[in-house]
Amino acid sequence: MRSLAPNGLARAAVRFKPASFAGTFVALMMSALIVAACGILLETGARASVPAERYAKAPVVVAADQSVRLVADSIDGPEETVYPLPDTARVDVGLAAKAARAPGAEAAVPDFTFPVRQGDGALAGHGWGSHAFTGTALSAGAAPRTGEVVLDAAAARTAKADVGDTVALETAVGRTDFRVSGLAKAGAGDTAAGGAAAGGKATAWFADAEAPALAGHPGKADAIAVLAADGADPHALAAAVEKSLAGSGAQVHTGDGRGEAEERGLAYAKETLLGLGSQFGGIATLVAVFTAAGTVALSVGQRTREFALLRAVGATPRQIRRAVAAEALLVAPLAGLVGCLPGIALARWWFGQLKDRGAIPEAVDLHVSWIPLLAAVGTGLLAALGSGLMAGRRPAKIKPGQALTEASVERLRPGVIRTVLGLGALVGGAVFAGVASSAAGDNAANASLGVIMLFMLAVALLGPLVARLCAALFGLLLRGGGASAVLAAANSRTNARRLASAITPIVLAMAFASTLVFMHTSESQIASEQLRDGITADHVVTDPAGLPTGSADRASRVPGVDAAVSLLDTQVLVPVDAGGETTLQGAATQGISGSGAQLAQVQDLDVRSGSLDRVGAGRIAIDKTLATSAKVKVGDQLPLHLPDGTEARPEVVAVYGRGLGLAAVTMDRASLAGHVTSAFDSTLLVRGGDAKPLAVLGEVTDASGYAVEQNVDRELGAWANYTMAAVLGGFAVIAAVNTLVMTVLDRRRELATLRLVGSTRRQVLHMLHWESLLVSVAGVALGTTIAMITLTPMVRGLTGESPHIPPLLYATFAATAVSLGLLAVTLPARAALRDRGA
């Protein structure tokens, strides 16, 4: 009985069934790749930090909380959710005096960073007091007083100014003449901050007493840098400062926390990485593990005859189960370790792409540790063990004689538990689809996510039944395709389990890839139409550095101009209902320089109710989708958080329909200006007049040219959807190909028998081609159906329109699935027929 020892059985199975275990190895390797890549991104998001640069010489930094926190009741008690702010929250300048009195503090310096226009270029503006911790030093002249400025060499060279000269600079208070009191060489702290703010061009320093007003935030500072007295312990100083500022709401930072206080992009980088690693990673992991488990189950199921023979010669059920477990232990760990290497490469590539697109600060590094790699290997091992034992449960427990009988033919009746669970998932998907179709806004999108997951689960659990139904349906169509087609239909009906193993990955690929990609194409198409129809201005003026102050007034004085409105673009956070829970949603916002009536001359927002004429202080207009999600209408107050976190409750005076292409919130500029970092408008819309006089304000284009530029920006941000679709769809396609190869190689005896009874090689290949077409078409049809059931309520809830599916792109998806299916069948079939000498 030594040959029946579990390890011996497992080694023998691997040695004599290499094709089956090669397929299992590939599936587990791909599963580990996905889990490792998503796990690395998740851990990087959790650990992400940036070293202090501007505040490197300040051991303690005081800053406002850069997030909004919502507390909701849950089963485990109060649960806090953190939402990063769209712009910088600031602290009162008066807190500097309190922090300076803390034991161990030498000084506390308010810090200011704001954009300044110099001619056609931009400068980074700071308060001169920051030189105490940035290392900036005068090279000529004296420190600035009110009405004075210190320039670095680049700014002085551009202005052609020296100490004592006067330069004209534009700040939040408008265009002002400043006397150059001195020249300075920027220190390391200002080089780090100024380079980012001004594109590495130039820096200007103003008097600390004047800087808050010039920044557009009177009485406010970006942060307060606390310098330590000689011999003071930084941690003791931080504790003392925190105690002195108790009740102010300000946060005290040390170590890498100082870097987070100065790098606004870190919070969004963390949110992006955590979202990819947890939300997308969770779905991808489920798909990967589920597909790998299906492949392992197929591999075990292909050896039902071997298990039956082992039972007939005396192997016990326990030995069979242990053999299956030993096979998993032989294959899964090695496959997992091999998959971790490309998983690390995928995570590095993805992380690099995010960095290149500005979603992650340059100072953040990818964190690769043993934790996600161990999780990837362990997940694959558990999936292999669980699925293998489940697949081998019946052949291990039934009587030897019965095992031989069942091994000769496929069971027509699926397991009761599997059928019940599959029907439950199917009913659940139908219920969620009904909920999604009757909901709107984010509720429709959230319900739609449940639709795709439940339907996919139903397809996997009811696979044999679905496959038999597809075989019967397509078999009717194949009757006119000759003997090979008829034989393919009969084979498919008889071997539904084998067919189901191949159909499920194709359904996965089509459903997920179509949902992700066509969600973007739908939003992009609708946004493009709204933008094209919504911009009615004759001229659109833009400038990367921001438009000069008073651009709208200057444009309105140009002969022939009927209306000129400048827009300050930003975001606000709006509480919306998401499945019975309140969440904060970022909403694109435009602050208008003129009245709502003037805006109507240059923008057609497609007002559905109310009037834009009433937009002003404390009164806003919002998009209809946002109004539905926030459950407000004209006349209601909408609680929201301005870009810096300030709470407001403006009245909704109009609801319009083109918020996706233009802006979801429209409000007066004055209500926004004091809550954003840059006081310079983003866009100027002009009706009438000639374009040439407007060129002094920035780059002038017409409405169509502006729409093209906006669409290009939208396309650059859509790469994430395509990447996620490629990762999920690519994995599922590889799994489908892998499964088809496994099934063809397992049918060598069947193919040889067909040759022996008179079938030609061409007839056998044609039969396999018809089977492949049946599998591919069924998978594409089911995947498309699930995608459409998911997409339709999701897109209608978010945009109010139907999904937009480019025919050529969809045809590419379908053709790829069919072509790969044919290739996956043809190559191994030719090899099998050649090996048999046929």
# chains A, B, ... in the order shown; residues from 1 in each chain; ligands from 1
>>> residues_around(residues="range 781-791 of chain A", least_positions_apart="5", cutoff="8 Å", atoms="only C-alpha atoms", output="PyMOL selection string")
chain A and resi 433+448-449+451-452+455-456+506-512+514-515+518-519+803
>>> select_by_dssp(residues="range 23-174 of chain A", states="alpha helix (DSSP H)", output="PyMOL selection string")
chain A and resi 23-47+95-100+131-134+153-159
>>> residues_around(residues="Ala99 in chain A", least_positions_apart="5", cutoff="7 Å", atoms="only C-alpha atoms", output="mmCIF file with N, CA, C and O atoms, in the first residue's frame")
data_model
loop_
_atom_site.group_PDB
_atom_site.id
_atom_site.type_symbol
_atom_site.label_atom_id
_atom_site.label_comp_id
_atom_site.auth_asym_id
_atom_site.auth_seq_id
_atom_site.Cartn_x
_atom_site.Cartn_y
_atom_site.Cartn_z
ATOM 1 N N ALA A 108 7.409 80.744 16.927
ATOM 2 C CA ALA A 108 6.356 80.118 16.126
ATOM 3 C C ALA A 108 6.061 81.051 14.961
ATOM 4 O O ALA A 108 5.661 82.201 15.162
ATOM 5 N N VAL A 241 2.989 72.187 22.857
ATOM 6 C CA VAL A 241 2.246 72.988 21.874
ATOM 7 C C VAL A 241 0.806 72.485 21.768
ATOM 8 O O VAL A 241 -0.142 73.280 21.709
ATOM 9 N N SER A 244 -1.107 73.778 24.676
ATOM 10 C CA SER A 244 -1.380 75.219 24.603
ATOM 11 C C SER A 244 -2.450 75.554 23.581
ATOM 12 O O SER A 244 -3.103 76.594 23.676
ATOM 13 N N LEU A 245 -2.645 74.671 22.574
ATOM 14 C CA LEU A 245 -3.637 74.927 21.521
ATOM 15 C C LEU A 245 -4.891 74.085 21.685
ATOM 16 O O LEU A 245 -5.699 73.968 20.760
#
>>> atom_distance(atom1="CA of Val377 in chain A", atom2="CA of Ser278 in chain A")
17.9 Å
>>> residues_around(residues="Glu529 in chain A", least_positions_apart="3", cutoff="10 Å", atoms="only C-alpha atoms", output="PyMOL selection string")
chain A and resi 523-526+532-534+658+660-661+707
>>> write_last_selection(atoms="N, CA, C and O atoms", output="CSV table (one decimal), in the first residue's frame")
chain,number,residue,atom,x,y,z
A,523,GLU,N,-20.0,58.0,-19.9
A,523,GLU,CA,-19.8,59.2,-19.2
A,523,GLU,C,-19.1,60.2,-20.1
A,523,GLU,O,-19.5,61.4,-20.2
A,524,SER,N,-18.1,59.7,-20.8
A,524,SER,CA,-17.3,60.6,-21.7
A,524,SER,C,-18.2,61.2,-22.9
A,524,SER,O,-18.2,62.4,-23.2
A,525,GLN,N,-19.0,60.3,-23.4
A,525,GLN,CA,-19.9,60.7,-24.5
A,525,GLN,C,-20.9,61.8,-24.1
A,525,GLN,O,-21.1,62.8,-24.7
A,526,ILE,N,-21.5,61.5,-22.9
A,526,ILE,CA,-22.5,62.4,-22.4
A,526,ILE,C,-21.9,63.7,-22.0
A,526,ILE,O,-22.4,64.8,-22.3
A,532,ARG,N,-20.3,70.5,-25.3
A,532,ARG,CA,-20.4,71.1,-26.6
A,532,ARG,C,-21.7,71.9,-26.7
A,532,ARG,O,-21.7,73.0,-27.3
A,533,ASP,N,-22.8,71.4,-26.2
A,533,ASP,CA,-24.0,72.1,-26.2
A,533,ASP,C,-24.1,73.3,-25.2
A,533,ASP,O,-24.8,74.2,-25.3
A,534,GLY,N,-23.3,73.1,-24.1
A,534,GLY,CA,-23.4,74.1,-23.0
A,534,GLY,C,-22.6,75.3,-23.2
A,534,GLY,O,-23.0,76.4,-22.6
A,658,ARG,N,-26.9,69.9,-17.2
A,658,ARG,CA,-25.6,69.7,-17.9
A,658,ARG,C,-24.4,69.8,-16.9
A,658,ARG,O,-23.4,70.3,-17.2
A,660,LEU,N,-22.6,67.3,-15.7
A,660,LEU,CA,-21.5,66.3,-16.0
A,660,LEU,C,-20.5,67.0,-17.0
A,660,LEU,O,-19.3,66.8,-16.8
A,661,GLY,N,-21.0,67.7,-18.0
A,661,GLY,CA,-20.0,68.3,-18.9
A,661,GLY,C,-19.5,69.6,-18.5
A,661,GLY,O,-18.4,70.0,-18.9
A,707,ALA,N,-13.8,72.7,-26.0
A,707,ALA,CA,-14.4,71.4,-25.8
A,707,ALA,C,-13.4,70.3,-26.0
A,707,ALA,O,-13.3,69.3,-25.3
>>> closest_residue(among="A:Pro575, A:Gly594, A:Gly386, A:Gly698", to="Val632 in chain A", atoms="only C-alpha atoms")
A:Pro575
>>> residues_around(residues="Tyr83 in chain A", least_positions_apart="6", cutoff="8 Å", atoms="only C-alpha atoms", output="list in words")
Ser67, Val68, Arg69 and Leu584 of chain A
>>> write_last_selection(atoms="N, CA, C and O atoms", output="short mmCIF file (atom, residue, chain, number, x, y, z; two decimals), in the first residue's frame")
data_model
loop_
_atom_site.label_atom_id
_atom_site.label_comp_id
_atom_site.auth_asym_id
_atom_site.auth_seq_id
_atom_site.Cartn_x
_atom_site.Cartn_y
_atom_site.Cartn_z
N SER A 67 -9.19 67.28 6.38
CA SER A 67 -10.23 66.34 6.00
C SER A 67 -11.52 66.67 6.72
O SER A 67 -11.52 67.39 7.73
N VAL A 68 -12.60 66.13 6.19
CA VAL A 68 -13.91 66.21 6.84
C VAL A 68 -14.21 64.81 7.36
O VAL A 68 -14.02 63.82 6.66
N ARG A 69 -14.68 64.73 8.59
CA ARG A 69 -14.94 63.43 9.21
C ARG A 69 -16.43 63.29 9.49
O ARG A 69 -17.03 64.13 10.14
N LEU A 584 -19.87 61.79 1.61
CA LEU A 584 -19.53 63.06 1.00
C LEU A 584 -19.03 62.82 -0.42
O LEU A 584 -18.14 62.00 -0.63
#
>>> atom_distance(atom1="CA of Leu382 in chain A", atom2="CA of Ala817 in chain A")
29.5 Å
>>> closest_residue(among="A:Ala383, A:Val163, A:Arg101, A:Val540", to="Thr291 in chain A", atoms="only C-alpha atoms")
A:Ala383
>>> atom_distance(atom1="CA of Gly127 in chain A", atom2="CA of Asp208 in chain A")
4.8 Å
>>> residues_around(residues="Met29 in chain A", least_positions_apart="5", cutoff="7 Å", atoms="only C-alpha atoms", output="PDB file with N, CA, C and O atoms, in the first residue's frame")
ATOM      1  N   ALA A 335       3.415  27.871  -7.384  1.00  0.00           N
ATOM      2  CA  ALA A 335       2.699  28.753  -8.317  1.00  0.00           C
ATOM      3  C   ALA A 335       2.534  30.147  -7.717  1.00  0.00           C
ATOM      4  O   ALA A 335       2.690  31.158  -8.411  1.00  0.00           O
ATOM      5  N   GLY A 336       2.239  30.195  -6.415  1.00  0.00           N
ATOM      6  CA  GLY A 336       2.088  31.486  -5.752  1.00  0.00           C
ATOM      7  C   GLY A 336       3.375  32.273  -5.737  1.00  0.00           C
ATOM      8  O   GLY A 336       3.391  33.485  -6.010  1.00  0.00           O
ATOM      9  N   VAL A 338       5.931  31.990  -7.800  1.00  0.00           N
ATOM     10  CA  VAL A 338       6.235  32.437  -9.163  1.00  0.00           C
ATOM     11  C   VAL A 338       5.341  33.606  -9.551  1.00  0.00           C
ATOM     12  O   VAL A 338       5.782  34.558 -10.207  1.00  0.00           O
ATOM     13  N   GLY A 339       4.065  33.577  -9.152  1.00  0.00           N
ATOM     14  CA  GLY A 339       3.143  34.664  -9.492  1.00  0.00           C
ATOM     15  C   GLY A 339       3.446  35.962  -8.789  1.00  0.00           C
ATOM     16  O   GLY A 339       3.084  37.041  -9.278  1.00  0.00           O
TER      17      GLY A 339
END
